Amino acid sequence: MGLIDFVKNAGRKMLGMEEDEKPKVKVAPTVSPAEMAAKRAKALSAVVRETGIAVNGLAITVNGDLATVRGKVATQAEREKIALAVGNTFGIARVDDRMEVERPEPEATFYTVKKGDTLSAIAKAHYKNANKYPVIFEANKPMLTHPDKIYPGQVLRIPPLQ
C-alpha cells in the first residue's frame, strides 16, 4: 500500500504525550532520540497487539512522525486495520505500510473524519445510502467501539461494497 497520511495531532495518546508533544512524566535527559524512537515503536506494537489481529513477524520502526510497519497478515482488511491502528495514534503523521498479505483483496478507500461527520453521512457520501453505515463501522472494528464515537482527524476504512 505504501505511504498513508494521517493527522499527526489526532488519535490515541501513548507514552504520556499531550497536545504539545511533551511527555507528562519527566524523561531523563540521557534518553537519546534513538531510544525514544524504540520506545514509541514498542508502544505502537502494543497498539497492534490490542487489535487482536495476528501478524507474523511484526516489526515497527519510528522515525519522527513516520512509522514503518512490516509483517505478514492473512487479509487486506487486516493489513489496513493495522495501518489505521498505528496511524490513528497521536504523533504519527504517516505510515509506510510494507506488510504482506497472504490473500490479496481489493483495497479500501481511506477517509479522514471532519468535524460534524457521522458514519451515516460518510456512508451516504461513499455508498449513496446512509443506512450502510454498519458496513463502515464493522470495517473499522476493533478501533471503533461504537458508531457514534468517531473524531475529527481519525482515518477510517471505507471498504468496497460487495
# chains A, B, ... in the order shown; residues from 1 in each chain; ligands from 1
>>> select_by_dssp(residues="range 72-133 of chain A", states="helix (DSSP H, G or I)", output="NGL selection string")
:A and (76-87 or 119-127 or 130-133)
>>> write_last_selection(atoms="N, CA and C atoms", output="CSV table (one decimal), in the first residue's frame")
chain,number,residue,atom,x,y,z
A,76,GLN,N,-6.3,-8.4,3.3
A,76,GLN,CA,-6.1,-7.0,3.0
A,76,GLN,C,-6.8,-6.1,4.1
A,77,ALA,N,-7.9,-6.6,4.6
A,77,ALA,CA,-8.7,-5.8,5.6
A,77,ALA,C,-7.8,-5.8,6.9
A,78,GLU,N,-7.2,-6.9,7.2
A,78,GLU,CA,-6.3,-6.9,8.4
A,78,GLU,C,-5.1,-5.9,8.2
A,79,ARG,N,-4.6,-5.9,7.1
A,79,ARG,CA,-3.4,-5.0,6.7
A,79,ARG,C,-3.9,-3.6,7.0
A,80,GLU,N,-5.0,-3.2,6.4
A,80,GLU,CA,-5.5,-1.9,6.5
A,80,GLU,C,-5.8,-1.5,8.0
A,81,LYS,N,-6.4,-2.4,8.7
A,81,LYS,CA,-6.7,-2.1,10.1
A,81,LYS,C,-5.5,-1.9,10.9
A,82,ILE,N,-4.4,-2.6,10.7
A,82,ILE,CA,-3.2,-2.4,11.4
A,82,ILE,C,-2.6,-1.1,11.0
A,83,ALA,N,-2.6,-0.7,9.8
A,83,ALA,CA,-2.0,0.6,9.4
A,83,ALA,C,-2.8,1.7,10.0
A,84,LEU,N,-4.2,1.5,10.1
A,84,LEU,CA,-5.0,2.6,10.8
A,84,LEU,C,-4.8,2.6,12.3
A,85,ALA,N,-4.6,1.5,12.9
A,85,ALA,CA,-4.3,1.5,14.3
A,85,ALA,C,-3.1,2.2,14.7
A,86,VAL,N,-2.0,2.0,13.8
A,86,VAL,CA,-0.8,2.7,14.0
A,86,VAL,C,-0.9,4.2,13.7
A,87,GLY,N,-1.5,4.5,12.6
A,87,GLY,CA,-1.6,5.9,12.1
A,87,GLY,C,-2.6,6.8,12.9
A,119,LEU,N,-21.1,8.4,10.9
A,119,LEU,CA,-20.9,7.3,10.0
A,119,LEU,C,-22.0,7.3,8.9
A,120,SER,N,-23.2,7.7,9.3
A,120,SER,CA,-24.3,7.7,8.3
A,120,SER,C,-24.0,8.7,7.2
A,121,ALA,N,-23.5,9.9,7.5
A,121,ALA,CA,-23.2,10.8,6.5
A,121,ALA,C,-22.1,10.3,5.6
A,122,ILE,N,-21.1,9.7,6.2
A,122,ILE,CA,-20.0,9.2,5.4
A,122,ILE,C,-20.5,8.0,4.5
A,123,ALA,N,-21.3,7.2,5.0
A,123,ALA,CA,-21.9,6.1,4.2
A,123,ALA,C,-22.7,6.7,3.0
A,124,LYS,N,-23.5,7.8,3.3
A,124,LYS,CA,-24.3,8.4,2.2
A,124,LYS,C,-23.3,8.9,1.1
A,125,ALA,N,-22.2,9.6,1.5
A,125,ALA,CA,-21.3,10.1,0.6
A,125,ALA,C,-20.6,9.1,-0.2
A,126,HIS,N,-20.2,7.9,0.4
A,126,HIS,CA,-19.5,6.9,-0.3
A,126,HIS,C,-20.3,5.8,-1.0
A,127,TYR,N,-21.4,5.5,-0.3
A,127,TYR,CA,-22.3,4.4,-0.8
A,127,TYR,C,-23.6,4.9,-1.4
A,130,ALA,N,-27.2,6.1,3.4
A,130,ALA,CA,-26.9,6.4,4.8
A,130,ALA,C,-27.0,5.1,5.7
A,131,ASN,N,-27.9,4.2,5.3
A,131,ASN,CA,-28.2,3.0,6.1
A,131,ASN,C,-27.1,2.0,6.0
A,132,LYS,N,-26.1,2.3,5.2
A,132,LYS,CA,-24.9,1.4,5.0
A,132,LYS,C,-23.8,1.7,6.0
A,133,TYR,N,-24.1,2.6,7.0
A,133,TYR,CA,-23.1,2.9,8.0
A,133,TYR,C,-22.5,1.7,8.8
>>> closest_residue(among="A:Asp117, A:Glu138, A:Glu107, A:Asp96", to="Ile150 in chain A", atoms="only C-alpha atoms")
A:Asp117
>>> closest_residue(among="A:Gly64, A:Gly2, A:Pro33, A:Gly116", to="Glu100 in chain A", atoms="only C-alpha atoms")
A:Gly2
>>> atom_distance(atom1="CA of Gly11 in chain A", atom2="CA of Pro104 in chain A")
28.2 Å
>>> decode(residues="range 14-95 of chain A", atoms="C-alpha atoms", output="compact mmCIF listing (two decimals), in the first residue's frame")
# COMPACT_ATOMS: atom_id res chain seq x y z
CA MET A 14 0.82 6.95 24.05
CA LEU A 15 3.81 7.34 26.34
CA GLY A 16 2.04 10.12 28.26
CA MET A 17 2.09 12.55 25.31
CA GLU A 18 -0.17 15.62 25.33
CA GLU A 19 -1.14 18.09 22.63
CA ASP A 20 2.20 19.90 22.92
CA GLU A 21 4.04 16.59 22.45
CA LYS A 22 5.89 16.97 25.74
CA PRO A 23 5.82 13.90 27.99
CA LYS A 24 3.66 14.13 31.13
CA VAL A 25 6.34 12.27 33.03
CA LYS A 26 9.84 13.61 33.19
CA VAL A 27 12.12 11.81 30.79
CA ALA A 28 15.73 11.51 31.83
CA PRO A 29 17.91 13.76 29.68
CA THR A 30 20.03 10.72 28.88
CA VAL A 31 17.28 9.24 26.67
CA SER A 32 18.57 9.52 23.13
CA PRO A 33 16.31 10.11 20.12
CA ALA A 34 17.01 6.52 19.05
CA GLU A 35 15.91 5.20 22.45
CA MET A 36 12.74 7.32 22.31
CA ALA A 37 12.01 6.03 18.78
CA ALA A 38 12.44 2.46 20.06
CA LYS A 39 10.01 3.16 22.95
CA ARG A 40 7.47 4.62 20.53
CA ALA A 41 7.84 1.59 18.23
CA LYS A 42 7.30 -0.74 21.19
CA ALA A 43 4.18 1.22 22.21
CA LEU A 44 2.85 1.03 18.63
CA SER A 45 3.47 -2.72 18.60
CA ALA A 46 1.31 -2.94 21.73
CA VAL A 47 -1.42 -0.95 19.94
CA VAL A 48 -1.33 -3.52 17.11
CA ARG A 49 -1.46 -6.45 19.56
CA GLU A 50 -4.55 -4.87 21.18
CA THR A 51 -6.41 -5.22 17.86
CA GLY A 52 -6.20 -8.99 18.20
CA ILE A 53 -5.06 -9.32 14.59
CA ALA A 54 -2.42 -11.98 14.05
CA VAL A 55 0.71 -10.58 12.39
CA ASN A 56 3.63 -12.83 11.58
CA GLY A 57 6.95 -11.06 12.03
CA LEU A 58 5.53 -7.71 13.16
CA ALA A 59 8.23 -5.05 13.06
CA ILE A 60 7.58 -1.35 13.58
CA THR A 61 10.16 1.40 13.34
CA VAL A 62 9.59 5.08 14.07
CA ASN A 63 11.49 7.99 12.57
CA GLY A 64 10.00 11.30 13.72
CA ASP A 65 6.33 11.22 12.75
CA LEU A 66 6.77 8.32 10.27
CA ALA A 67 6.01 4.75 11.38
CA THR A 68 7.08 1.89 9.12
CA VAL A 69 5.17 -1.38 9.60
CA ARG A 70 6.34 -4.78 8.36
CA GLY A 71 4.90 -8.23 8.80
CA LYS A 72 2.54 -10.69 7.17
CA VAL A 73 -1.24 -10.88 7.65
CA ALA A 74 -3.97 -13.07 6.18
CA THR A 75 -6.17 -10.43 4.52
CA GLN A 76 -6.10 -6.96 3.02
CA ALA A 77 -8.65 -5.83 5.63
CA GLU A 78 -6.29 -6.89 8.44
CA ARG A 79 -3.43 -5.05 6.75
CA GLU A 80 -5.48 -1.86 6.52
CA LYS A 81 -6.72 -2.13 10.12
CA ILE A 82 -3.16 -2.42 11.40
CA ALA A 83 -2.04 0.59 9.36
CA LEU A 84 -5.01 2.55 10.76
CA ALA A 85 -4.34 1.46 14.35
CA VAL A 86 -0.76 2.73 14.03
CA GLY A 87 -1.62 5.90 12.10
CA ASN A 88 -4.53 6.92 14.32
CA THR A 89 -2.06 7.35 17.17
CA PHE A 90 -1.06 10.82 18.37
CA GLY A 91 2.27 11.94 16.92
CA ILE A 92 2.13 9.72 13.83
CA ALA A 93 1.57 11.64 10.58
CA ARG A 94 2.45 8.92 8.08
CA VAL A 95 2.53 5.14 7.97
